[in-house]
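Reproduced below: work_3.cif, with mmCIF, C-alpha atoms (C1' of nucleotides).
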data_upload
#
loop_
_atom_site.group_PDB
_atom_site.id
_atom_site.type_symbol
_atom_site.label_atom_id
_atom_site.label_comp_id
_atom_site.auth_asym_id
_atom_site.auth_seq_id
_atom_site.Cartn_x
_atom_site.Cartn_y
_atom_site.Cartn_z
ATOM 1 C CA MET A 1 104.243 121.551 74.522
ATOM 2 C CA ALA A 2 107.515 120.704 76.133
ATOM 3 C CA ARG A 3 108.806 118.971 79.142
ATOM 4 C CA ALA A 4 106.121 117.618 81.401
ATOM 5 C CA ALA A 5 106.002 118.415 85.087
ATOM 6 C CA THR A 6 107.939 115.796 86.945
ATOM 7 C CA THR A 7 107.128 116.339 90.567
ATOM 8 C CA ALA A 8 103.388 115.984 90.446
ATOM 9 C CA ASP A 9 103.195 112.357 91.516
ATOM 10 C CA ALA A 10 104.961 109.908 93.769
ATOM 11 C CA PHE A 11 106.869 108.351 90.881
ATOM 12 C CA ASN A 12 108.538 111.618 90.088
ATOM 13 C CA ALA A 13 108.979 112.758 93.644
ATOM 14 C CA VAL A 14 110.862 109.588 94.382
ATOM 15 C CA ALA A 15 112.928 109.718 91.229
ATOM 16 C CA GLU A 16 115.168 112.277 92.876
ATOM 17 C CA PRO A 17 117.863 110.524 94.927
ATOM 18 C CA ARG A 18 117.945 113.210 97.613
ATOM 19 C CA ARG A 19 114.271 112.795 98.215
ATOM 20 C CA ARG A 20 114.601 109.063 98.581
ATOM 21 C CA GLN A 21 117.378 109.777 101.017
ATOM 22 C CA ILE A 22 115.133 112.083 102.994
ATOM 23 C CA LEU A 23 112.462 109.425 103.157
ATOM 24 C CA ASP A 24 115.011 106.865 104.248
ATOM 25 C CA VAL A 25 116.092 109.096 107.089
ATOM 26 C CA LEU A 26 112.529 109.839 108.114
ATOM 27 C CA ALA A 27 111.808 106.139 108.090
ATOM 28 C CA ASP A 28 113.689 105.949 111.370
ATOM 29 C CA GLY A 29 111.439 108.548 112.925
ATOM 30 C CA GLU A 30 110.066 112.012 112.465
ATOM 31 C CA LEU A 31 112.494 114.923 112.415
ATOM 32 C CA PRO A 32 112.528 118.710 112.200
ATOM 33 C CA VAL A 33 114.040 120.333 109.148
ATOM 34 C CA ASN A 34 117.254 121.320 110.816
ATOM 35 C CA ASP A 35 118.033 117.784 111.833
ATOM 36 C CA LEU A 36 117.520 116.684 108.274
ATOM 37 C CA VAL A 37 119.855 119.424 107.125
ATOM 38 C CA ARG A 38 122.511 118.156 109.471
ATOM 39 C CA VAL A 39 122.071 114.517 108.639
ATOM 40 C CA LEU A 40 121.965 115.037 104.902
ATOM 41 C CA ALA A 41 124.668 117.697 104.769
ATOM 42 C CA LEU A 42 122.534 119.727 102.417
ATOM 43 C CA GLY A 43 121.564 123.366 102.340
ATOM 44 C CA GLN A 44 118.515 124.244 104.388
ATOM 45 C CA PRO A 45 116.619 125.760 101.453
ATOM 46 C CA GLN A 46 117.323 122.650 99.410
ATOM 47 C CA VAL A 47 115.948 120.416 102.100
ATOM 48 C CA SER A 48 112.917 122.623 102.512
ATOM 49 C CA LYS A 49 112.263 122.512 98.807
ATOM 50 C CA HIS A 50 112.564 118.766 98.606
ATOM 51 C CA LEU A 51 110.263 118.461 101.572
ATOM 52 C CA ARG A 52 107.825 120.706 99.793
ATOM 53 C CA VAL A 53 107.722 118.350 96.853
ATOM 54 C CA LEU A 54 107.322 115.338 99.099
ATOM 55 C CA ARG A 55 104.570 117.115 100.959
ATOM 56 C CA ASP A 56 102.684 118.033 97.798
ATOM 57 C CA VAL A 57 102.651 114.402 96.833
ATOM 58 C CA GLY A 58 101.594 113.303 100.280
ATOM 59 C CA LEU A 59 104.768 111.386 101.017
ATOM 60 C CA VAL A 60 105.352 113.332 104.209
ATOM 61 C CA HIS A 61 103.207 115.107 106.750
ATOM 62 C CA VAL A 62 104.174 118.104 108.833
ATOM 63 C CA ARG A 63 103.414 118.975 112.405
ATOM 64 C CA GLU A 64 104.150 122.426 113.751
ATOM 65 C CA GLU A 65 105.857 122.604 117.080
ATOM 66 C CA GLY A 66 106.806 126.107 118.036
ATOM 67 C CA ARG A 67 109.008 127.450 115.343
ATOM 68 C CA ARG A 68 109.938 123.989 114.204
ATOM 69 C CA ARG A 69 108.226 121.801 111.635
ATOM 70 C CA ILE A 70 108.403 118.139 112.391
ATOM 71 C CA TYR A 71 108.261 115.996 109.283
ATOM 72 C CA ARG A 72 106.900 112.510 109.386
ATOM 73 C CA ILE A 73 106.906 109.990 106.571
ATOM 74 C CA ASN A 74 103.665 108.793 105.032
ATOM 75 C CA GLY A 75 104.626 105.614 103.282
ATOM 76 C CA HIS A 76 101.072 105.062 102.153
ATOM 77 C CA SER A 77 101.693 107.347 99.184
ATOM 78 C CA LEU A 78 104.210 104.819 97.934
ATOM 79 C CA LYS A 79 101.533 102.224 97.418
ATOM 80 C CA PRO A 80 100.831 103.193 93.783
ATOM 81 C CA ILE A 81 104.473 102.634 92.966
ATOM 82 C CA HIS A 82 104.531 99.356 94.792
ATOM 83 C CA ASP A 83 101.373 98.219 93.057
ATOM 84 C CA TRP A 84 102.726 99.071 89.657
ATOM 85 C CA VAL A 85 106.111 97.487 90.137
ATOM 86 C CA LYS A 86 104.627 94.434 91.790
ATOM 87 C CA THR A 87 102.988 93.343 88.545
ATOM 88 C CA TYR A 88 106.455 92.840 87.113
ATOM 89 C CA GLU A 89 107.763 90.938 90.085
ATOM 90 C CA ARG A 90 107.569 87.643 88.250
ATOM 91 C CA SER A 91 110.441 88.828 86.095
ATOM 92 C CA TRP A 92 112.935 88.357 88.863
ATOM 93 C CA SER A 93 111.288 86.688 91.800
ATOM 94 C CA GLU A 94 111.928 82.988 92.165
ATOM 95 C CA ARG A 95 108.655 82.804 93.999
ATOM 96 C CA PHE A 96 106.967 82.850 90.613
ATOM 97 C CA ASP A 97 109.122 80.202 89.046
ATOM 98 C CA ARG A 98 107.102 77.398 90.559
ATOM 99 C CA LEU A 99 103.889 79.148 89.648
ATOM 100 C CA ASP A 100 105.034 79.520 86.068
ATOM 101 C CA VAL A 101 105.740 75.838 85.869
ATOM 102 C CA VAL A 102 102.298 75.047 87.176
ATOM 103 C CA LEU A 103 100.656 77.417 84.758
ATOM 104 C CA ALA A 104 102.637 75.998 81.870
ATOM 105 C CA ASP A 105 101.546 72.511 82.833
ATOM 106 C CA LEU A 106 97.955 73.559 83.050
ATOM 107 C CA LYS A 107 98.082 75.171 79.659
ATOM 108 C CA HIS A 108 99.749 72.138 78.179
ATOM 109 C CA GLY A 109 97.620 69.347 79.378
ATOM 110 C CA GLU A 110 94.235 70.901 79.921
ATOM 111 C CA GLY A 111 91.461 68.399 80.347
ATOM 112 C CA ASP A 112 93.994 65.906 81.571
ATOM 113 C CA GLY A 113 96.123 67.417 84.286
ATOM 114 C CA ARG A 114 99.158 65.418 83.269
ATOM 115 C CA SER A 115 101.951 67.149 81.393
ATOM 116 C CA ASP A 116 103.750 64.084 80.051
ATOM 117 C CA GLU A 117 102.086 63.178 76.852
ATOM 118 C CA MET B 1 125.915 122.580 89.463
ATOM 119 C CA ALA B 2 122.338 122.466 88.331
ATOM 120 C CA ARG B 3 119.728 119.980 87.454
ATOM 121 C CA ALA B 4 120.819 116.395 87.778
ATOM 122 C CA ALA B 5 120.339 113.911 84.972
ATOM 123 C CA THR B 6 117.030 112.198 85.403
ATOM 124 C CA THR B 7 117.082 109.283 83.015
ATOM 125 C CA ALA B 8 120.164 107.521 84.252
ATOM 126 C CA ASP B 9 118.438 104.983 86.449
ATOM 127 C CA ALA B 10 115.277 102.941 86.592
ATOM 128 C CA PHE B 11 113.606 105.311 89.039
ATOM 129 C CA ASN B 12 113.850 108.165 86.599
ATOM 130 C CA ALA B 13 113.148 106.133 83.516
ATOM 131 C CA VAL B 14 109.908 104.983 85.049
ATOM 132 C CA ALA B 15 108.932 108.398 86.348
ATOM 133 C CA GLU B 16 107.765 109.317 82.880
ATOM 134 C CA PRO B 17 104.182 108.130 82.364
ATOM 135 C CA ARG B 18 104.654 107.359 78.689
ATOM 136 C CA ARG B 19 107.495 105.057 79.525
ATOM 137 C CA ARG B 20 105.453 103.211 82.087
ATOM 138 C CA GLN B 21 102.799 102.907 79.433
ATOM 139 C CA ILE B 22 105.305 101.445 77.003
ATOM 140 C CA LEU B 23 106.373 98.900 79.587
ATOM 141 C CA ASP B 24 102.754 98.043 80.291
ATOM 142 C CA VAL B 25 102.158 97.367 76.635
ATOM 143 C CA LEU B 26 105.318 95.320 76.308
ATOM 144 C CA ALA B 27 104.274 93.325 79.334
ATOM 145 C CA ASP B 28 101.775 91.562 77.082
ATOM 146 C CA GLY B 29 104.518 90.547 74.719
ATOM 147 C CA GLU B 30 107.373 91.859 72.635
ATOM 148 C CA LEU B 31 106.589 94.312 69.861
ATOM 149 C CA PRO B 32 108.319 96.219 67.071
ATOM 150 C CA VAL B 33 108.468 99.995 67.308
ATOM 151 C CA ASN B 34 105.745 100.624 64.795
ATOM 152 C CA ASP B 35 103.248 98.549 66.707
ATOM 153 C CA LEU B 36 104.032 100.569 69.802
ATOM 154 C CA VAL B 37 103.520 103.754 67.824
ATOM 155 C CA ARG B 38 100.110 102.553 66.753
ATOM 156 C CA VAL B 39 99.061 101.339 70.159
ATOM 157 C CA LEU B 40 100.247 104.415 72.019
ATOM 158 C CA ALA B 41 99.166 106.940 69.404
ATOM 159 C CA LEU B 42 102.483 108.722 69.735
ATOM 160 C CA GLY B 43 104.960 109.990 67.211
ATOM 161 C CA GLN B 44 107.491 107.443 66.038
ATOM 162 C CA PRO B 45 110.519 109.538 67.092
ATOM 163 C CA GLN B 46 108.999 109.993 70.530
ATOM 164 C CA VAL B 47 108.540 106.293 70.956
ATOM 165 C CA SER B 48 112.049 105.606 69.731
ATOM 166 C CA LYS B 49 113.444 108.110 72.185
ATOM 167 C CA HIS B 50 111.557 106.684 75.107
ATOM 168 C CA LEU B 51 112.694 103.233 74.113
ATOM 169 C CA ARG B 52 116.230 104.521 74.005
ATOM 170 C CA VAL B 53 115.968 105.657 77.611
ATOM 171 C CA LEU B 54 114.419 102.382 78.676
ATOM 172 C CA ARG B 55 117.140 100.528 76.844
ATOM 173 C CA ASP B 56 119.926 102.518 78.475
ATOM 174 C CA VAL B 57 118.554 101.596 81.859
ATOM 175 C CA GLY B 58 118.148 97.981 80.896
ATOM 176 C CA LEU B 59 114.387 97.970 81.171
ATOM 177 C CA VAL B 60 113.984 96.672 77.637
ATOM 178 C CA HIS B 61 116.018 94.559 75.275
ATOM 179 C CA VAL B 62 116.047 94.763 71.504
ATOM 180 C CA ARG B 63 116.214 92.083 68.905
ATOM 181 C CA GLU B 64 116.802 92.932 65.262
ATOM 182 C CA GLU B 65 114.597 91.240 62.758
ATOM 183 C CA GLY B 66 115.162 92.518 59.276
ATOM 184 C CA ARG B 67 114.499 96.203 59.329
ATOM 185 C CA ARG B 68 112.424 95.927 62.441
ATOM 186 C CA ARG B 69 113.557 96.099 66.040
ATOM 187 C CA ILE B 70 111.575 93.959 68.364
ATOM 188 C CA TYR B 71 111.474 95.310 71.898
ATOM 189 C CA ARG B 72 111.070 93.030 74.841
ATOM 190 C CA ILE B 73 110.599 94.028 78.435
ATOM 191 C CA ASN B 74 113.211 93.197 81.036
ATOM 192 C CA GLY B 75 111.382 93.538 84.298
ATOM 193 C CA HIS B 76 114.445 92.548 86.224
ATOM 194 C CA SER B 77 115.651 96.134 86.100
ATOM 195 C CA LEU B 78 112.642 97.092 88.194
ATOM 196 C CA LYS B 79 113.898 95.100 91.121
ATOM 197 C CA PRO B 80 115.804 98.005 92.711
ATOM 198 C CA ILE B 81 112.607 100.013 92.759
ATOM 199 C CA HIS B 82 110.654 97.143 94.175
ATOM 200 C CA ASP B 83 113.254 96.526 96.827
ATOM 201 C CA TRP B 84 113.277 100.130 97.879
ATOM 202 C CA VAL B 85 109.533 100.575 98.002
ATOM 203 C CA LYS B 86 109.050 97.244 99.709
ATOM 204 C CA THR B 87 110.747 98.495 102.845
ATOM 205 C CA TYR B 88 107.865 100.912 103.276
ATOM 206 C CA GLU B 89 105.178 98.375 102.635
ATOM 207 C CA ARG B 90 104.298 98.170 106.299
ATOM 208 C CA SER B 91 102.879 101.668 105.999
ATOM 209 C CA TRP B 92 99.855 100.447 104.126
ATOM 210 C CA SER B 93 99.815 96.690 104.045
ATOM 211 C CA GLU B 94 97.504 95.045 106.519
ATOM 212 C CA ARG B 95 99.798 92.075 106.379
ATOM 213 C CA PHE B 96 102.066 93.945 108.734
ATOM 214 C CA ASP B 97 99.394 94.941 111.198
ATOM 215 C CA ARG B 98 99.486 91.586 112.935
ATOM 216 C CA LEU B 99 103.248 91.610 112.923
ATOM 217 C CA ASP B 100 103.297 95.056 114.470
ATOM 218 C CA VAL B 101 101.042 93.858 117.235
ATOM 219 C CA VAL B 102 103.326 90.959 117.909
ATOM 220 C CA LEU B 103 106.387 93.142 117.947
ATOM 221 C CA ALA B 104 104.712 95.627 120.257
ATOM 222 C CA ASP B 105 103.814 92.805 122.598
ATOM 223 C CA LEU B 106 107.322 91.499 122.579
ATOM 224 C CA LYS B 107 108.747 94.885 123.332
ATOM 225 C CA HIS B 108 106.225 95.448 126.081
ATOM 226 C CA GLY B 109 106.350 92.279 128.046
ATOM 227 C CA GLU B 110 109.755 90.858 127.361
ATOM 228 C CA GLY B 111 110.585 87.959 129.643
ATOM 229 C CA ASP B 112 106.889 87.351 130.062
ATOM 230 C CA GLY B 113 105.159 87.113 126.719
ATOM 231 C CA ARG B 114 101.854 88.386 128.083
ATOM 232 C CA SER B 115 100.691 91.868 127.080
ATOM 233 C CA ASP B 116 97.885 92.418 129.573
ATOM 234 C CA GLU B 117 99.395 94.133 132.519
ATOM 235 C "C1'" DG C 1 111.797 146.082 121.340
ATOM 236 C "C1'" DA C 2 116.163 143.939 119.637
ATOM 237 C "C1'" DC C 3 118.074 139.838 118.356
ATOM 238 C "C1'" DA C 4 118.534 134.961 117.241
ATOM 239 C "C1'" DT C 5 116.659 130.714 115.477
ATOM 240 C "C1'" DA C 6 113.903 127.708 112.320
ATOM 241 C "C1'" DC C 7 111.978 127.409 108.270
ATOM 242 C "C1'" DA C 8 109.848 128.745 103.713
ATOM 243 C "C1'" DT C 9 110.022 131.239 99.605
ATOM 244 C "C1'" DT C 10 111.907 133.998 95.884
ATOM 245 C "C1'" DC C 11 115.167 134.951 92.494
ATOM 246 C "C1'" DC C 12 118.935 133.442 89.702
ATOM 247 C "C1'" DG C 13 121.582 130.683 86.431
ATOM 248 C "C1'" DA C 14 122.566 126.177 84.419
ATOM 249 C "C1'" DT C 15 120.921 122.126 82.439
ATOM 250 C "C1'" DA C 16 118.214 118.140 81.386
ATOM 251 C "C1'" DT C 17 114.712 116.791 78.961
ATOM 252 C "C1'" DA C 18 109.975 116.231 76.299
ATOM 253 C "C1'" DG C 19 107.788 117.085 72.080
ATOM 254 C "C1'" DG C 20 107.988 118.214 67.105
ATOM 255 C "C1'" DT C 21 110.103 118.294 62.607
ATOM 256 C "C1'" DA C 22 113.480 116.981 59.559
ATOM 257 C "C1'" DT C 23 116.931 113.954 58.330
ATOM 258 C "C1'" DA C 24 120.013 109.809 58.340
ATOM 259 C "C1'" DT C 25 120.356 104.815 57.953
ATOM 260 C "C1'" DA C 26 119.285 100.430 56.750
ATOM 261 C "C1'" DA C 27 116.428 96.782 54.881
ATOM 262 C "C1'" DC C 28 113.074 95.294 51.690
ATOM 263 C "C1'" DC C 29 110.764 95.385 47.083
ATOM 264 C "C1'" DT C 30 110.275 96.006 41.983
ATOM 265 C "C1'" DA D 1 119.088 101.582 40.839
ATOM 266 C "C1'" DG D 2 114.954 103.712 42.665
ATOM 267 C "C1'" DG D 3 111.283 103.693 45.929
ATOM 268 C "C1'" DT D 4 109.154 102.397 50.138
ATOM 269 C "C1'" DT D 5 109.179 100.995 54.925
ATOM 270 C "C1'" DA D 6 111.109 100.819 59.717
ATOM 271 C "C1'" DT D 7 113.703 102.958 62.951
ATOM 272 C "C1'" DA D 8 117.147 106.070 65.025
ATOM 273 C "C1'" DT D 9 119.137 110.447 65.487
ATOM 274 C "C1'" DA D 10 119.890 115.510 65.135
ATOM 275 C "C1'" DC D 11 118.116 119.867 65.760
ATOM 276 C "C1'" DC D 12 115.082 123.220 67.788
ATOM 277 C "C1'" DT D 13 112.171 125.230 71.327
ATOM 278 C "C1'" DA D 14 109.810 125.453 75.597
ATOM 279 C "C1'" DT D 15 109.882 124.337 80.153
ATOM 280 C "C1'" DA D 16 110.665 121.964 84.473
ATOM 281 C "C1'" DT D 17 113.603 121.664 87.764
ATOM 282 C "C1'" DC D 18 118.068 121.643 90.677
ATOM 283 C "C1'" DG D 19 121.365 124.078 93.452
ATOM 284 C "C1'" DG D 20 122.772 128.419 95.578
ATOM 285 C "C1'" DA D 21 122.171 132.969 97.604
ATOM 286 C "C1'" DA D 22 119.235 136.260 99.411
ATOM 287 C "C1'" DT D 23 115.147 137.362 101.594
ATOM 288 C "C1'" DG D 24 110.740 136.785 104.079
ATOM 289 C "C1'" DT D 25 108.165 135.158 108.135
ATOM 290 C "C1'" DA D 26 107.159 133.404 112.406
ATOM 291 C "C1'" DT D 27 108.644 132.008 116.911
ATOM 292 C "C1'" DG D 28 111.538 132.147 120.882
ATOM 293 C "C1'" DT D 29 114.784 134.799 124.027
ATOM 294 C "C1'" DC D 30 116.950 138.655 126.357
#

Any chance you could give the structure as structure tokens?
Amino acid sequence: MARAATTADAFNAVAEPRRRQILDVLADGELPVNDLVRVLALGQPQVSKHLRVLRDVGLVHVREEGRRRIYRINGHSLKPIHDWVKTYERSWSERFDRLDVVLADLKHGEGDGRSDE
Amino acid sequence: MARAATTADAFNAVAEPRRRQILDVLADGELPVNDLVRVLALGQPQVSKHLRVLRDVGLVHVREEGRRRIYRINGHSLKPIHDWVKTYERSWSERFDRLDVVLADLKHGEGDGRSDE
DNA sequence: GACATACATTCCGATATAGGTATATAACCT
DNA sequence: AGGTTATATACCTATATCGGAATGTATGTC
């Protein structure tokens, strides 16, 4: 075997900076492809291809309107990423500092509740 | 130009399932390479290479102990991902539902505060 | 119908990897 | 020193893309 497919899930879809950029633009509201092309200063086929990847992963939805395709973001597909990353939040979030202290105290003085022995 | 480098940042480093797996294992505590090899049932070179990528991105730190290298997770490098994904959290989190209602009300009946018109 | 517009897809070439095997390096042991 | 263990790196191959250009397809307009 060789290189694994990298666009099959949200993690990979979002690993590409251009695709994150597309999502960031769409976060402000749905847009047709051409508007995205203008905003991103990218080739139309490139944008279409990135949108294809995002669509396959469920990160965007399309609505047909005449000859235009309006793309809308579907942030829900980002939840798996959020859930995974969240478990590591304690590494940097000060919110957990207090909790860690409490947990350390509990571990230390179980059966007592006091940490000064 | 052609394909862009994909392992240069945390987003890409974490897009590879094996690497997420490695981080998940290390989340339970630091480990030397060989232990990771055993736990993950992967080839030693493969593990070393994945660790190399994670190290380059700052997701893990190494400590030398004799001929062993103890790898420790550095979740802090996941913060950029968390920060980015977080902005989309409203898409799925019910926490934001109430907030959205409030905001809609504000927008609707500004100067009044009541939403039943 | 002829033409333009909006978008998707196909084909191409370049390159970045992922896995596998073999090898290099360094530390430990006898 | 010689051998074993732990880990990293080099090399090879297959493949997954990325960007770019050309083409296909559907819709709107005259």

Chain A fitted onto chain B, all C-alpha pairs in order, as an mmCIF file with C-alpha atoms, in the coordinates of the input:
data_model
loop_
_atom_site.group_PDB
_atom_site.id
_atom_site.type_symbol
_atom_site.label_atom_id
_atom_site.label_comp_id
_atom_site.auth_asym_id
_atom_site.auth_seq_id
_atom_site.Cartn_x
_atom_site.Cartn_y
_atom_site.Cartn_z
ATOM 1 C CA MET A 1 125.794 122.594 89.343
ATOM 2 C CA ALA A 2 122.219 122.471 88.236
ATOM 3 C CA ARG A 3 119.599 119.972 87.454
ATOM 4 C CA ALA A 4 120.735 116.403 87.795
ATOM 5 C CA ALA A 5 120.319 113.884 85.016
ATOM 6 C CA THR A 6 117.015 112.162 85.442
ATOM 7 C CA THR A 7 117.090 109.261 83.064
ATOM 8 C CA ALA A 8 120.157 107.486 84.316
ATOM 9 C CA ASP A 9 118.403 104.938 86.501
ATOM 10 C CA ALA A 10 115.229 102.911 86.602
ATOM 11 C CA PHE A 11 113.574 105.292 89.052
ATOM 12 C CA ASN A 12 113.834 108.139 86.620
ATOM 13 C CA ALA A 13 113.127 106.131 83.520
ATOM 14 C CA VAL A 14 109.885 104.992 85.048
ATOM 15 C CA ALA A 15 108.932 108.410 86.327
ATOM 16 C CA GLU A 16 107.794 109.328 82.842
ATOM 17 C CA PRO A 17 104.192 108.195 82.306
ATOM 18 C CA ARG A 18 104.710 107.389 78.630
ATOM 19 C CA ARG A 19 107.519 105.062 79.481
ATOM 20 C CA ARG A 20 105.438 103.245 82.038
ATOM 21 C CA GLN A 21 102.805 102.970 79.365
ATOM 22 C CA ILE A 22 105.310 101.472 76.967
ATOM 23 C CA LEU A 23 106.338 98.926 79.552
ATOM 24 C CA ASP A 24 102.721 98.097 80.242
ATOM 25 C CA VAL A 25 102.138 97.422 76.578
ATOM 26 C CA LEU A 26 105.282 95.345 76.264
ATOM 27 C CA ALA A 27 104.209 93.362 79.285
ATOM 28 C CA ASP A 28 101.726 91.622 77.018
ATOM 29 C CA GLY A 29 104.470 90.578 74.648
ATOM 30 C CA GLU A 30 107.344 91.869 72.606
ATOM 31 C CA LEU A 31 106.612 94.332 69.818
ATOM 32 C CA PRO A 32 108.371 96.224 67.040
ATOM 33 C CA VAL A 33 108.552 99.986 67.251
ATOM 34 C CA ASN A 34 105.855 100.622 64.720
ATOM 35 C CA ASP A 35 103.323 98.601 66.630
ATOM 36 C CA LEU A 36 104.111 100.596 69.718
ATOM 37 C CA VAL A 37 103.644 103.781 67.740
ATOM 38 C CA ARG A 38 100.228 102.624 66.666
ATOM 39 C CA VAL A 39 99.135 101.416 70.053
ATOM 40 C CA LEU A 40 100.360 104.466 71.909
ATOM 41 C CA ALA A 41 99.298 107.004 69.296
ATOM 42 C CA LEU A 42 102.619 108.749 69.664
ATOM 43 C CA GLY A 43 105.136 110.010 67.161
ATOM 44 C CA GLN A 44 107.657 107.445 66.009
ATOM 45 C CA PRO A 45 110.678 109.513 67.059
ATOM 46 C CA GLN A 46 109.139 109.995 70.486
ATOM 47 C CA VAL A 47 108.647 106.296 70.926
ATOM 48 C CA SER A 48 112.154 105.593 69.728
ATOM 49 C CA LYS A 49 113.551 108.083 72.180
ATOM 50 C CA HIS A 50 111.624 106.682 75.093
ATOM 51 C CA LEU A 51 112.742 103.220 74.117
ATOM 52 C CA ARG A 52 116.284 104.484 74.053
ATOM 53 C CA VAL A 53 115.997 105.625 77.633
ATOM 54 C CA LEU A 54 114.420 102.360 78.696
ATOM 55 C CA ARG A 55 117.144 100.481 76.896
ATOM 56 C CA ASP A 56 119.937 102.457 78.536
ATOM 57 C CA VAL A 57 118.531 101.540 81.898
ATOM 58 C CA GLY A 58 118.106 97.919 80.941
ATOM 59 C CA LEU A 59 114.334 97.938 81.197
ATOM 60 C CA VAL A 60 113.962 96.638 77.663
ATOM 61 C CA HIS A 61 116.002 94.514 75.311
ATOM 62 C CA VAL A 62 116.049 94.714 71.541
ATOM 63 C CA ARG A 63 116.243 92.024 68.929
ATOM 64 C CA GLU A 64 116.873 92.888 65.307
ATOM 65 C CA GLU A 65 114.695 91.198 62.772
ATOM 66 C CA GLY A 66 115.260 92.482 59.291
ATOM 67 C CA ARG A 67 114.637 96.158 59.334
ATOM 68 C CA ARG A 68 112.527 95.891 62.435
ATOM 69 C CA ARG A 69 113.605 96.089 66.057
ATOM 70 C CA ILE A 70 111.593 93.935 68.365
ATOM 71 C CA TYR A 71 111.477 95.283 71.893
ATOM 72 C CA ARG A 72 111.019 93.007 74.829
ATOM 73 C CA ILE A 73 110.533 94.028 78.435
ATOM 74 C CA ASN A 74 113.127 93.186 81.055
ATOM 75 C CA GLY A 75 111.267 93.528 84.298
ATOM 76 C CA HIS A 76 114.326 92.521 86.257
ATOM 77 C CA SER A 77 115.553 96.112 86.128
ATOM 78 C CA LEU A 78 112.540 97.077 88.196
ATOM 79 C CA LYS A 79 113.765 95.077 91.139
ATOM 80 C CA PRO A 80 115.681 97.979 92.736
ATOM 81 C CA ILE A 81 112.504 100.016 92.766
ATOM 82 C CA HIS A 82 110.514 97.162 94.171
ATOM 83 C CA ASP A 83 113.111 96.535 96.843
ATOM 84 C CA TRP A 84 113.159 100.143 97.889
ATOM 85 C CA VAL A 85 109.421 100.605 97.993
ATOM 86 C CA LYS A 86 108.895 97.281 99.704
ATOM 87 C CA THR A 87 110.575 98.526 102.872
ATOM 88 C CA TYR A 88 107.721 100.979 103.268
ATOM 89 C CA GLU A 89 105.017 98.439 102.634
ATOM 90 C CA ARG A 90 104.112 98.268 106.296
ATOM 91 C CA SER A 91 102.714 101.766 105.977
ATOM 92 C CA TRP A 92 99.700 100.571 104.081
ATOM 93 C CA SER A 93 99.641 96.814 104.007
ATOM 94 C CA GLU A 94 97.309 95.155 106.465
ATOM 95 C CA ARG A 95 99.586 92.171 106.308
ATOM 96 C CA PHE A 96 101.864 94.016 108.701
ATOM 97 C CA ASP A 97 99.181 95.004 111.138
ATOM 98 C CA ARG A 98 99.262 91.654 112.872
ATOM 99 C CA LEU A 99 103.032 91.676 112.857
ATOM 100 C CA ASP A 100 103.080 95.110 114.429
ATOM 101 C CA VAL A 101 100.836 93.921 117.193
ATOM 102 C CA VAL A 102 103.106 90.990 117.855
ATOM 103 C CA LEU A 103 106.177 93.164 117.883
ATOM 104 C CA ALA A 104 104.523 95.640 120.209
ATOM 105 C CA ASP A 105 103.628 92.828 122.568
ATOM 106 C CA LEU A 106 107.129 91.495 122.509
ATOM 107 C CA LYS A 107 108.572 94.880 123.267
ATOM 108 C CA HIS A 108 106.110 95.404 126.065
ATOM 109 C CA GLY A 109 106.365 92.252 128.003
ATOM 110 C CA GLU A 110 109.844 90.992 127.312
ATOM 111 C CA GLY A 111 110.969 88.268 129.647
ATOM 112 C CA ASP A 112 107.365 87.360 130.209
ATOM 113 C CA GLY A 113 105.585 86.935 126.917
ATOM 114 C CA ARG A 114 102.315 88.197 128.316
ATOM 115 C CA SER A 115 101.168 91.692 127.431
ATOM 116 C CA ASP A 116 98.545 92.157 130.139
ATOM 117 C CA GLU A 117 100.320 93.439 133.144
#

request  = Run the PyMOL selection byres ((chain D and resi 22) around 10) mentally over the shown coordinates, then write out the matched residues as JSON, numbers by chain, using the chain letters and numbers from the document.
outcome  = {"C": [10, 11], "D": [20, 21, 23, 24]}

For the residues selected in the previous step, produce a file with C-alpha atoms (C1' of nucleotides) as a PDB file, keeping the file's coordinate frame.
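Contents of result-v1.pdb, as written:
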ATOM      1  C1'  DT C  10     111.907 133.998  95.884  1.00  0.00           C
ATOM      2  C1'  DC C  11     115.167 134.951  92.494  1.00  0.00           C
TER       3       DC C  11
ATOM      4  C1'  DG D  20     122.772 128.419  95.578  1.00  0.00           C
ATOM      5  C1'  DA D  21     122.171 132.969  97.604  1.00  0.00           C
ATOM      6  C1'  DT D  23     115.147 137.362 101.594  1.00  0.00           C
ATOM      7  C1'  DG D  24     110.740 136.785 104.079  1.00  0.00           C
TER       8       DG D  24
END

ask   = For chain B, which of C:DT25, C:DA2, C:DT30, C:DC7 is the closest residue, counting only C-alpha atoms (C1' of nucleotides)?
value = C:DT25

inquiry  = Which residues would end up in the selection if the PyMOL selection byres ((chain C) within 7 of (chain B)) were applied here, given that I need the answer as a count of residues only?
reply    = 5

inquiry  = Within 6 Å of chain A, which residues belong to chain D? Use all atoms listed in the file and report them as JSON, numbers by chain.
reply    = {"D": [14, 15, 16, 27]}

How would the residues just picked look written out with C-alpha atoms (C1' of nucleotides) as a JSON list (two decimals), in the frame of the given file?
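To be explicit, this is the file written out as part-v1.json:
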[["chain", "number", "residue", "atom", "x", "y", "z"],
["D", 14, "DA", "C1'", 109.81, 125.45, 75.60],
["D", 15, "DT", "C1'", 109.88, 124.34, 80.15],
["D", 16, "DA", "C1'", 110.66, 121.96, 84.47],
["D", 27, "DT", "C1'", 108.64, 132.01, 116.91]]

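This file gives the following result for the PyMOL selection byres ((chain A) within 6 of (chain B)): Phe11, Asn12, Ala15, Gly75, His76, Tyr88, Ser91 and Trp92 of chain A.
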
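Across the structure, atom C1' of C:DT21 and atom C1' of D:DT7 are spaced 15.8 Å apart.
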
query = For D:DA8, which residue among C:DT23, C:DA8, C:DC29, C:DG1 is the nearest when counting all atoms listed in the file?
reply = C:DT23
